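Undergrad: Next up, final_7.cif (mmCIF, C-alpha atoms and all ligand atoms).
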data_model
loop_
_atom_site.label_atom_id
_atom_site.label_comp_id
_atom_site.auth_asym_id
_atom_site.auth_seq_id
_atom_site.Cartn_x
_atom_site.Cartn_y
_atom_site.Cartn_z
CA MET A 1 0.00 0.00 0.00
CA ALA A 2 1.57 3.26 -1.10
CA PHE A 3 -0.20 5.54 1.33
CA LYS A 4 0.70 5.06 4.99
CA PRO A 5 -0.93 7.76 7.10
CA ALA A 6 0.63 6.69 10.42
CA ASN A 7 4.11 6.70 8.87
CA ASN A 8 3.50 10.19 7.61
CA ILE A 9 3.07 11.31 11.22
CA GLN A 10 5.94 9.14 12.45
CA ASP A 11 8.34 10.52 9.86
CA LEU A 12 7.89 14.14 10.90
CA GLN A 13 10.92 15.56 12.67
CA TYR A 14 10.51 18.57 14.94
CA PHE A 15 13.19 19.88 17.27
CA GLY A 16 12.50 22.08 20.25
CA GLU A 17 14.12 25.47 20.66
CA PHE A 18 16.86 23.94 22.85
CA GLY A 19 17.18 20.70 20.91
CA GLY A 20 14.34 19.08 22.86
CA VAL A 21 12.64 16.11 21.23
CA ASN A 22 9.34 17.95 21.46
CA PRO A 23 8.86 21.33 19.86
CA SER A 24 8.89 24.19 22.37
CA ILE A 25 5.47 25.56 23.25
CA SER A 26 4.86 29.12 22.09
CA ASP A 27 3.44 30.78 25.16
CA SER A 28 2.68 34.20 23.68
CA SER A 29 -0.37 35.91 22.30
CA THR A 30 1.67 38.46 20.33
CA TYR A 31 5.05 38.66 18.60
CA THR A 32 7.69 41.36 18.19
CA PHE A 33 9.05 42.67 14.91
CA LEU A 34 12.51 44.15 14.45
CA SER A 35 11.18 46.44 11.76
CA ALA A 36 7.81 48.10 11.37
CA LYS A 37 7.86 47.29 7.66
CA THR A 38 7.90 43.53 8.39
CA MET A 39 4.87 43.98 10.63
CA PHE A 40 3.01 45.69 7.81
CA ASP A 41 4.04 42.97 5.34
CA THR A 42 2.87 40.28 7.75
CA PHE A 43 -0.56 41.88 7.97
CA GLU A 44 -0.65 41.92 4.19
CA GLY A 45 0.17 38.20 4.22
CA ASN A 46 3.58 38.76 2.58
CA ALA A 47 6.01 37.77 5.30
CA ASP A 48 6.22 34.00 5.42
CA GLY A 49 7.47 32.57 8.68
CA CYS A 50 6.59 35.63 10.74
CA TYR A 51 4.06 35.33 13.53
CA LEU A 52 1.71 38.17 14.15
CA TYR A 53 -0.86 37.45 16.78
CA SER A 54 -1.93 34.08 18.12
CA ARG A 55 -5.50 34.18 16.82
CA HIS A 56 -3.91 34.09 13.37
CA SER A 57 -1.39 31.31 13.99
CA THR A 58 1.17 30.13 16.51
CA PRO A 59 4.22 27.87 16.12
CA SER A 60 2.55 25.17 18.26
CA ASN A 61 -0.66 25.31 16.24
CA LEU A 62 1.31 25.09 13.01
CA TYR A 63 3.20 22.01 14.21
CA LEU A 64 -0.05 20.24 15.05
CA GLY A 65 -1.66 21.39 11.79
CA GLU A 66 1.26 20.07 9.74
CA ALA A 67 1.13 16.69 11.49
CA LEU A 68 -2.59 16.40 10.79
CA ALA A 69 -2.11 17.48 7.18
CA ALA A 70 0.53 14.76 6.82
CA MET A 71 -1.92 12.23 8.23
CA GLU A 72 -4.72 13.33 5.89
CA ALA A 73 -2.45 13.82 2.86
CA THR A 74 -3.49 17.42 2.31
CA GLU A 75 -1.18 20.36 1.60
CA THR A 76 -1.73 21.91 5.00
CA ALA A 77 -4.24 22.36 7.84
CA ASN A 78 -5.59 24.85 10.34
CA VAL A 79 -6.41 23.81 13.90
CA SER A 80 -9.28 25.37 15.82
CA ALA A 81 -10.71 25.49 19.31
CA SER A 82 -13.29 22.79 18.61
CA GLY A 83 -14.67 20.58 15.87
CA MET A 84 -17.61 22.97 15.50
CA GLY A 85 -15.09 25.81 15.17
CA ALA A 86 -13.61 23.95 12.18
CA ILE A 87 -16.98 23.11 10.60
CA THR A 88 -18.63 26.52 10.99
CA ALA A 89 -15.58 28.43 9.70
CA THR A 90 -15.29 26.12 6.68
CA ILE A 91 -18.93 26.48 5.69
CA LEU A 92 -18.98 30.24 6.20
CA GLN A 93 -15.77 30.56 4.17
CA LEU A 94 -17.23 28.57 1.29
CA CYS A 95 -20.79 29.93 1.32
CA GLY A 96 -22.40 33.35 1.32
CA ALA A 97 -25.97 34.65 1.13
CA GLY A 98 -27.96 32.82 -1.52
CA ASP A 99 -25.72 29.75 -1.58
CA HIS A 100 -26.88 26.20 -1.05
CA VAL A 101 -25.42 23.18 0.73
CA ILE A 102 -26.26 19.52 0.25
CA SER A 103 -25.64 17.59 3.43
CA SER A 104 -26.05 14.06 4.57
CA ARG A 105 -29.07 13.86 6.85
CA THR A 106 -27.24 11.68 9.33
CA ILE A 107 -24.54 13.88 10.80
CA TYR A 108 -23.56 15.06 14.28
CA GLY A 109 -26.51 16.90 15.89
CA GLY A 110 -24.56 20.17 16.30
CA THR A 111 -23.63 20.26 12.62
CA TYR A 112 -27.22 19.45 11.72
CA ALA A 113 -28.46 22.30 13.92
CA PHE A 114 -25.94 24.68 12.32
CA PHE A 115 -27.24 23.88 8.83
CA LYS A 116 -30.88 23.70 9.82
CA ASN A 117 -31.25 26.61 12.26
CA PHE A 118 -28.23 28.89 12.04
CA THR A 119 -27.05 29.31 8.44
CA PRO A 120 -30.58 30.13 7.15
CA ARG A 121 -30.15 33.44 9.05
CA PHE A 122 -27.53 34.28 6.45
CA ASN A 123 -29.72 32.94 3.64
CA ILE A 124 -27.59 29.82 3.25
CA LYS A 125 -29.97 26.92 2.70
CA THR A 126 -29.30 23.23 3.16
CA THR A 127 -30.97 20.21 1.61
CA PHE A 128 -30.55 17.05 3.67
CA VAL A 129 -30.22 13.84 1.66
CA ASP A 130 -29.61 10.15 2.10
CA ILE A 131 -25.89 10.27 1.36
CA THR A 132 -25.78 6.59 0.45
CA LYS A 133 -27.98 7.29 -2.60
CA LEU A 134 -25.75 9.06 -5.10
CA ASP A 135 -28.69 9.66 -7.46
CA SER A 136 -30.60 11.66 -4.87
CA VAL A 137 -27.44 13.60 -3.98
CA GLU A 138 -27.00 14.64 -7.61
CA ALA A 139 -30.72 15.36 -8.02
CA ALA A 140 -30.58 17.85 -5.11
CA ILE A 141 -27.96 20.06 -6.82
CA THR A 142 -29.19 23.52 -7.82
CA LYS A 143 -27.42 26.37 -9.57
CA ASN A 144 -26.63 27.83 -6.14
CA THR A 145 -25.09 24.69 -4.63
CA LYS A 146 -21.53 25.22 -3.40
CA VAL A 147 -20.85 22.43 -0.92
CA LEU A 148 -21.44 18.71 -0.57
CA TYR A 149 -21.09 17.81 3.12
CA CYS A 150 -20.90 14.43 4.83
CA GLU A 151 -19.20 12.37 7.50
CA SER A 152 -17.13 9.40 6.29
CA VAL A 153 -18.85 7.28 8.93
CA SER A 154 -21.91 9.08 10.21
CA ASN A 155 -22.82 9.99 13.76
CA PRO A 156 -24.69 8.11 15.13
CA LEU A 157 -26.06 5.74 12.48
CA LEU A 158 -22.66 4.67 11.12
CA GLU A 159 -23.70 5.15 7.51
CA VAL A 160 -20.68 5.10 5.22
CA ALA A 161 -20.19 7.76 2.54
CA ASP A 162 -18.96 6.71 -0.90
CA ILE A 163 -16.29 9.41 -0.99
CA LYS A 164 -15.05 8.58 -4.51
CA GLY A 165 -18.59 8.62 -5.89
CA LEU A 166 -19.42 11.88 -4.11
CA SER A 167 -16.17 13.43 -5.31
CA GLU A 168 -17.04 12.61 -8.92
CA ILE A 169 -20.38 14.37 -8.49
CA ALA A 170 -18.70 17.32 -6.78
CA LYS A 171 -16.12 17.69 -9.55
CA LYS A 172 -18.73 17.39 -12.29
CA HIS A 173 -20.77 20.25 -10.80
CA GLY A 174 -17.93 22.41 -9.47
CA LEU A 175 -18.77 21.83 -5.78
CA LYS A 176 -16.46 21.43 -2.81
CA LEU A 177 -16.70 18.05 -1.09
CA VAL A 178 -16.25 18.56 2.66
CA VAL A 179 -15.84 15.37 4.71
CA ASP A 180 -15.89 15.14 8.51
CA ASN A 181 -13.61 12.19 9.28
CA THR A 182 -13.98 12.28 13.08
CA PHE A 183 -15.25 8.68 13.37
CA SER A 184 -12.57 7.08 11.17
CA PRO A 185 -9.15 8.70 11.57
CA LEU A 186 -6.39 6.70 9.84
CA SER A 187 -8.91 4.03 8.73
CA ILE A 188 -10.23 6.28 5.98
CA SER A 189 -8.23 9.02 4.24
CA PRO A 190 -10.90 11.11 2.47
CA ALA A 191 -8.51 13.41 0.60
CA THR A 192 -6.90 10.44 -1.17
CA LEU A 193 -10.41 9.46 -2.30
CA GLY A 194 -11.23 12.89 -3.71
CA ALA A 195 -12.47 15.02 -0.78
CA ASP A 196 -11.47 18.69 -1.09
CA ILE A 197 -11.55 19.47 2.62
CA VAL A 198 -11.25 17.06 5.55
CA ILE A 199 -12.41 18.06 9.02
CA HIS A 200 -11.95 16.44 12.42
CA SER A 201 -13.21 17.05 15.88
CA LEU A 202 -9.86 16.46 17.60
CA THR A 203 -11.85 16.11 20.81
CA LYS A 204 -12.45 12.45 19.94
CA PHE A 205 -10.07 9.69 18.80
CA ILE A 206 -7.23 11.96 17.71
CA ASN A 207 -6.62 13.46 21.13
CA GLY A 208 -8.04 10.38 22.80
CA SER A 209 -7.89 11.50 26.41
CA SER A 210 -11.21 13.39 26.76
CA ASP A 211 -9.44 16.35 28.32
CA THR A 212 -9.97 18.98 25.64
CA VAL A 213 -12.05 20.06 22.70
CA GLY A 214 -10.31 20.83 19.43
CA GLY A 215 -10.77 20.76 15.67
CA VAL A 216 -8.92 20.88 12.38
CA VAL A 217 -9.57 21.75 8.75
CA CYS A 218 -7.22 19.98 6.31
CA GLY A 219 -7.06 21.31 2.76
CA THR A 220 -5.07 23.17 0.14
CA GLN A 221 -2.66 25.94 1.08
CA GLU A 222 -4.94 28.35 -0.77
CA PHE A 223 -8.04 27.41 1.23
CA ILE A 224 -6.23 27.46 4.56
CA ASN A 225 -4.71 30.86 3.70
CA ASN A 226 -8.23 32.06 2.92
CA LEU A 227 -9.48 30.85 6.32
CA ARG A 228 -6.66 32.77 8.03
CA ASN A 229 -6.91 35.94 5.96
CA VAL A 230 -6.99 39.00 8.23
CA ASN A 231 -9.56 40.75 6.03
CA ASP A 232 -12.11 38.07 5.28
CA GLY A 233 -10.95 34.75 6.72
CA ALA A 234 -13.63 32.92 8.72
CA SER A 235 -11.16 31.33 11.16
CA MET A 236 -9.36 34.60 11.77
CA LEU A 237 -12.52 36.67 12.13
CA LEU A 238 -14.79 34.24 13.98
CA GLY A 239 -11.90 33.57 16.31
CA SER A 240 -12.24 29.96 17.37
CA THR A 241 -8.50 29.62 17.93
CA MET A 242 -6.82 26.71 19.64
CA ASP A 243 -4.60 27.51 22.59
CA SER A 244 -0.92 26.64 22.05
CA LEU A 245 -0.69 24.58 25.24
CA ARG A 246 -3.51 22.42 23.97
CA ALA A 247 -1.99 22.11 20.51
CA ALA A 248 1.24 20.83 22.08
CA SER A 249 -0.58 18.24 24.16
CA ILE A 250 -2.74 17.03 21.25
CA LEU A 251 0.41 16.66 19.11
CA LYS A 252 1.89 14.35 21.72
CA ASN A 253 -1.28 12.24 21.88
CA LEU A 254 -1.45 12.07 18.08
CA ARG A 255 1.73 9.99 18.04
CA THR A 256 -0.03 6.98 19.55
CA LEU A 257 -3.18 7.30 17.46
CA HIS A 258 -2.24 4.38 15.18
CA ILE A 259 -1.84 1.99 18.11
CA ARG A 260 -5.01 3.22 19.77
CA MET A 261 -7.05 2.94 16.56
CA GLN A 262 -5.85 -0.62 16.06
CA GLN A 263 -7.00 -1.52 19.56
CA HIS A 264 -10.32 0.39 19.31
CA SER A 265 -11.00 -1.41 16.02
CA LYS A 266 -9.99 -4.82 17.32
CA ASN A 267 -12.24 -4.45 20.36
CA GLY A 268 -15.06 -2.92 18.29
CA LEU A 269 -15.09 -5.81 15.85
CA PHE A 270 -14.91 -8.38 18.65
CA LEU A 271 -17.91 -6.94 20.50
CA ALA A 272 -19.94 -6.31 17.33
CA GLU A 273 -19.54 -9.91 16.23
CA ARG A 274 -20.51 -11.25 19.66
CA PHE A 275 -23.48 -8.89 20.07
CA GLU A 276 -24.77 -9.82 16.63
CA ALA A 277 -24.36 -13.54 17.33
CA ASP A 278 -26.34 -13.02 20.56
CA GLY A 279 -29.23 -11.73 18.49
CA LEU A 280 -28.83 -8.02 19.26
CA LYS A 281 -29.59 -5.59 16.46
CA THR A 282 -26.00 -4.44 15.92
CA VAL A 283 -24.56 -1.92 13.49
CA TYR A 284 -20.80 -1.87 12.86
CA PRO A 285 -19.14 -1.18 9.49
CA GLY A 286 -16.92 -4.25 9.93
CA LEU A 287 -19.90 -6.64 10.06
CA LYS A 288 -20.81 -8.30 6.78
CA SER A 289 -24.44 -7.41 7.57
CA HIS A 290 -23.62 -3.68 7.35
CA PRO A 291 -25.01 -2.39 4.04
CA SER A 292 -21.73 -0.59 3.30
CA TYR A 293 -19.30 -3.26 4.51
CA GLU A 294 -17.81 -3.73 1.02
CA LEU A 295 -17.67 0.02 0.43
CA PHE A 296 -15.80 0.62 3.71
CA LYS A 297 -13.41 -2.20 2.83
CA SER A 298 -12.73 -0.67 -0.56
CA MET A 299 -11.85 2.70 1.01
CA MET A 300 -10.01 1.68 4.16
CA ASN A 301 -6.35 1.66 5.16
CA GLU A 302 -6.57 -1.92 6.35
CA ALA A 303 -4.09 -1.76 9.23
CA TYR A 304 -6.43 0.45 11.28
CA GLY A 305 -9.61 -1.59 10.98
CA PHE A 306 -13.26 -0.56 10.96
CA GLY A 307 -13.06 1.78 13.95
CA GLY A 308 -14.29 1.82 17.51
CA MET A 309 -17.91 2.90 17.04
CA LEU A 310 -20.89 0.55 17.12
CA THR A 311 -24.57 0.76 17.91
CA ILE A 312 -27.12 -1.66 19.27
CA ASP A 313 -30.87 -1.19 19.39
CA VAL A 314 -32.42 -2.44 22.62
CA GLY A 315 -36.01 -1.55 21.79
CA SER A 316 -36.81 1.40 24.05
CA LEU A 317 -35.19 4.37 25.75
CA GLU A 318 -36.12 2.94 29.17
CA LYS A 319 -34.22 -0.29 28.46
CA ALA A 320 -31.31 1.66 26.98
CA ASN A 321 -31.07 3.83 30.10
CA GLU A 322 -31.37 0.83 32.42
CA LEU A 323 -28.59 -1.00 30.60
CA MET A 324 -26.27 2.00 30.44
CA GLU A 325 -26.71 2.77 34.14
CA LEU A 326 -25.97 -0.84 35.04
CA MET A 327 -22.91 -1.04 32.78
CA GLN A 328 -21.53 2.12 34.36
CA HIS A 329 -22.29 0.77 37.84
CA ARG A 330 -20.27 -2.35 36.99
CA ASN A 331 -17.37 -0.26 35.69
CA LEU A 332 -17.72 -1.28 32.03
CA GLY A 333 -17.54 2.28 30.80
CA TYR A 334 -19.10 5.68 31.30
CA LEU A 335 -22.58 6.92 30.48
CA ALA A 336 -21.21 9.90 28.61
CA VAL A 337 -21.33 11.52 25.19
CA SER A 338 -18.18 11.90 23.07
CA LEU A 339 -15.89 9.17 21.82
CA GLY A 340 -12.36 7.93 21.46
CA PHE A 341 -11.58 7.53 25.17
CA TYR A 342 -9.60 4.66 26.76
CA LYS A 343 -12.78 3.63 28.58
CA THR A 344 -15.90 2.64 26.66
CA LEU A 345 -18.42 5.49 26.45
CA PHE A 346 -22.11 4.93 25.79
CA SER A 347 -25.09 7.19 25.27
CA ALA A 348 -28.53 7.15 23.68
CA PRO A 349 -28.12 9.60 20.79
CA GLY A 350 -31.83 10.25 20.29
CA SER A 351 -31.98 12.04 23.64
CA SER A 352 -28.42 13.43 23.66
CA THR A 353 -26.00 14.08 20.79
CA SER A 354 -28.73 14.01 18.15
CA SER A 355 -31.49 15.65 20.20
CA GLU A 356 -31.21 18.72 17.93
CA ILE A 357 -32.83 16.61 15.21
CA PRO A 358 -36.65 16.73 15.51
CA GLU A 359 -38.24 13.44 16.57
CA ASP A 360 -40.11 12.83 13.30
CA GLU A 361 -36.88 13.31 11.33
CA GLN A 362 -35.02 10.99 13.71
CA LYS A 363 -37.63 8.32 13.00
CA GLU A 364 -37.43 8.83 9.25
CA MET A 365 -33.67 8.35 9.22
CA GLY A 366 -33.88 5.24 11.41
CA LEU A 367 -32.66 6.80 14.64
CA SER A 368 -34.76 4.88 17.13
CA ASP A 369 -35.33 5.54 20.84
CA GLY A 370 -33.62 2.34 21.95
CA LEU A 371 -30.40 3.01 20.04
CA ILE A 372 -27.24 2.98 22.16
CA ARG A 373 -24.03 4.35 20.64
CA PHE A 374 -20.84 2.78 21.95
CA SER A 375 -17.36 4.17 21.60
CA ILE A 376 -15.41 1.05 22.45
CA GLY A 377 -12.42 1.54 24.74
CA LEU A 378 -8.91 0.16 24.77
CA ASP A 379 -9.73 -2.77 27.11
CA ALA A 380 -6.86 -5.25 27.27
CA ASP A 381 -9.22 -8.20 27.83
CA ILE A 382 -12.21 -7.52 25.63
CA ASN A 383 -13.61 -11.04 26.08
CA ARG A 384 -13.97 -10.38 29.81
CA THR A 385 -15.67 -7.05 29.04
CA TYR A 386 -18.00 -8.83 26.62
CA LYS A 387 -19.00 -11.43 29.19
CA MET A 388 -19.71 -8.75 31.78
CA MET A 389 -21.74 -6.69 29.28
CA ARG A 390 -23.70 -9.78 28.33
CA THR A 391 -24.51 -10.40 31.99
CA CYS A 392 -25.81 -6.82 32.26
CA MET A 393 -28.00 -7.40 29.21
CA ILE A 394 -29.43 -10.55 30.72
CA ASP A 395 -29.99 -8.80 34.07
CA VAL A 396 -32.03 -6.03 32.47
CA GLY A 397 -33.90 -8.52 30.27
CA ILE A 398 -32.59 -7.30 26.93
CA LEU A 399 -31.22 -10.52 25.56
CA GLU A 400 -34.46 -12.39 26.23
CA LEU A 401 -36.35 -9.45 24.78
CA GLN A 402 -34.27 -9.61 21.61
CA LYS A 403 -34.55 -13.38 21.24
CA ALA A 404 -38.33 -13.44 21.67
N1 LIG B 501 -18.18 16.07 14.10
C1 LIG B 501 -18.58 14.93 14.68
C2 LIG B 501 -18.74 13.69 13.85
C3 LIG B 501 -18.84 14.90 16.05
O1 LIG B 501 -19.24 13.76 16.63
C4 LIG B 501 -18.70 16.09 16.81
C5 LIG B 501 -18.97 16.14 18.27
O2 LIG B 501 -19.52 15.25 18.85
C6 LIG B 501 -18.30 17.25 16.15
C7 LIG B 501 -18.02 17.20 14.81
C8 LIG B 501 -18.13 18.55 16.90
O3 LIG B 501 -16.90 18.57 17.51
P1 LIG B 501 -16.58 19.43 18.87
O4 LIG B 501 -17.46 18.88 19.94
O5 LIG B 501 -15.12 19.19 19.04
O6 LIG B 501 -16.90 20.84 18.54
#
Take the structure from the file and write it as C-alpha cells.
Ligand code: PLP

TA:
Amino acid sequence: MAFKPANNIQDLQYFGEFGGVNPSISDSSTYTFLSAKTMFDTFEGNADGCYLYSRHSTPSNLYLGEALAAMEATETANVSASGMGAITATILQLCGAGDHVISSRTIYGGTYAFFKNFTPRFNIKTTFVDITKLDSVEAAITKNTKVLYCESVSNPLLEVADIKGLSEIAKKHGLKLVVDNTFSPLSISPATLGADIVIHSLTKFINGSSDTVGGVVCGTQEFINNLRNVNDGASMLLGSTMDSLRAASILKNLRTLHIRMQQHSKNGLFLAERFEADGLKTVYPGLKSHPSYELFKSMMNEAYGFGGMLTIDVGSLEKANELMELMQHRNLGYLAVSLGFYKTLFSAPGSSTSSEIPEDEQKEMGLSDGLIRFSIGLDADINRTYKMMRTCMIDVGILELQKA
C-alpha cells in the first residue's frame, strides 16, 4: 500500500528550541518585529514565517496542523478550538448569502443544527439527503449549490459515505466536497479518495484523552490561507482559535493514534460480532451485515480496521437507560457523550448528541429511541468485558427481549 498515514506522522521531525525532542510551546499571544515594515508585510500576508498574533497562527498550532495534514495527505491544515469551530468556519468561508449546501441527513446533531437553524439566518440553505444514494445527492444540486457535506462514517447511524462517488459528483458540478472524518481517523483518508476538505473534531479519537475540545480543517494551502486571511478569513474573524498549550498536548497524543485505533478497532469488531451472534440488532461497518461493509473495505487503510464505534438497538429508551446505568455501575464504561476515550463510552443519541434533530426526522432516518451508541475503549481483555456486558444485558432482560 503506497499511502501510509501513520508513517506520515511518524516521519515528521521537529526539534525544540533547545534541541528538545518535542517542539517548544509558544506561550505568547503576540510577537515582536525588528522592523515596522515587516509587521506591515505580515498583515498583508507577505512575510512567510513571521508570527503576528496568536489568533492568526502560533508555532505550536502550526506544528499540530502540519502533522494532521501529513496524516490526511493534504497540503496543509488549520487547527481550531473545537470541531464545531472547524466546521462553521469552513462552511462560512465557502458559502455566502444565496448559496446552497447539500448535506447528509445523518450527521452530528450540532452540525445538523448549524445547517438547519443557524445558516438560514444568512440565507444559506441546506438540503438534507440520504448520502448513500448518489442519485438523490445529484438530483438535489441547484445552480446555487456550493458544498457537498458528509461524515465518512456518520454519527450516530454509522452510515458510510462513498467518498469517490461523491467526489465525482462534486467535480462534475464544481462543488467542494467537505468530509468530517472524526469517526474514522487513519482508517479512511478522504482526501486520497477525492475530498477537497477534511475536518476532524480532535476532541475524539485523535486526542483520545477526553481532556480537551479541538478541531482541524485539512485542505489546500490556498483554502487554509483564505481561512486565516486577516480581512475576510472565517477562522481569523470568527476567532475559534486553539490555545498553544492544547496544541502541544494534542500533538503528543497524536503519536499513539495508530496503536489506539488498532486496539479500538480490534475491540469494536470483537464486540460487534458477539453482540450480533447473541441476536442483538447491531450496526458496525466491519460486520458483513452492514449495508456498506464492502464500500468501507474498498476505502479503508486496512491496518487500522473498521473503527471503535458501534450501535445496538435495545427496543426502548427505558431499556437503553437501564442498561447504560448498570454497565456504568459495573465499571464497564461511562454513560457519557463523546468518543475515542480509553474507557468505553455509551449514550442514547436520540436524547443526547442528536437531540437537535426533531423526533419525526429521527424516525425517518432510522434513529430509534432504543439506540445505544458505543465508543469502544482500549480494554486489554475484551472477552472479559464482553461477558460482563452480556450479563448486564441478561440482568435487564434485553437478551431475552431480543430473542423473543
Ligand atoms: N463532528 C462529529 C462527527 C462529532 O461527533 C462532533 C462532536 O460530537 C463534532 C463534529 C463537533 O466537535 P466538537 O465537539 O469538538 O466541537

Undergrad: Could you work out how far atom CA of A:Thr212 lies from atom P1 of ligand LIG 501 (chain B), giving the answer in Å with one decimal?

TA: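 Those two atoms sit 9.5 Å apart.
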
Undergrad: Given the point (-20.0, -2.8, 7.6) in the coordinates of this file, which residues lie within 10 Å, counting all atoms listed in the file, and how would they look as a list in words?

TA: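 The answer, in the requested form, is Leu158, Glu159, Val160, Val283, Tyr284, Pro285, Gly286, Leu287, Lys288, Ser289, His290, Pro291, Ser292, Tyr293, Glu294, Leu295, Phe296, Lys297 and Phe306 of chain A.
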
Undergrad: Any chance you could export the current selection's C-alpha atoms as a compact mmCIF listing (two decimals), keeping the file's coordinate frame?

TA:
# COMPACT_ATOMS: atom_id res chain seq x y z
CA LEU A 158 -22.66 4.67 11.12
CA GLU A 159 -23.70 5.15 7.51
CA VAL A 160 -20.68 5.10 5.22
CA VAL A 283 -24.56 -1.92 13.49
CA TYR A 284 -20.80 -1.87 12.86
CA PRO A 285 -19.14 -1.18 9.49
CA GLY A 286 -16.92 -4.25 9.93
CA LEU A 287 -19.90 -6.64 10.06
CA LYS A 288 -20.81 -8.30 6.78
CA SER A 289 -24.44 -7.41 7.57
CA HIS A 290 -23.62 -3.68 7.35
CA PRO A 291 -25.01 -2.39 4.04
CA SER A 292 -21.73 -0.59 3.30
CA TYR A 293 -19.30 -3.26 4.51
CA GLU A 294 -17.81 -3.73 1.02
CA LEU A 295 -17.67 0.02 0.43
CA PHE A 296 -15.80 0.62 3.71
CA LYS A 297 -13.41 -2.20 2.83
CA PHE A 306 -13.26 -0.56 10.96

Undergrad: Mind giving me the straight-line distance from atom CA of A:Asn225 to atom C7 of ligand LIG 501 (chain B) in Å, one decimal?

TA: 22.1 Å

Undergrad: Check every protein, DNA and RNA residue against ligand LIG 501 (chain B), keep those with an atom at most 7 Å away (counting all atoms listed in the file), and present them as a list in words.

TA: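 Here is the list of contacting residues: Ser82, Gly83, Met84, Gly85, Ile107, Tyr108, Gly110, Thr111, Glu151, Ser154, Asn155, Asp180, Thr182, Phe183, His200, Ser201, Leu202, Thr203, Val213, Gly214, Gly215, Ser338 and Thr353 of chain A.
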
Undergrad: State, in Å with one decimal place, the distance from atom CA of A:Leu371 to atom CA of A:Pro156.

TA: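 It comes out at 9.1 Å.
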
Undergrad: Which is closest to A:Ala77 among A:Leu345, A:Ile131, A:Ile197, A:Leu335, if we use only C-alpha atoms?

TA: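 Checking each candidate against A:Ala77, we get A:Ile197 as the closest.
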
Undergrad: Pick from A:Gln93, A:Glu364, A:Ser352, A:Ala320: nearest to A:Val129, with only C-alpha atoms counted?

TA: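 The closest residue to A:Val129 is A:Glu364.
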
Undergrad: Considering all atoms listed in the file, state which residue in the set A:Thr127, A:Thr88, A:Thr32, A:Thr76 is at the smallest distance from A:Leu62.

TA: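 The closest residue to A:Leu62 is A:Thr76.
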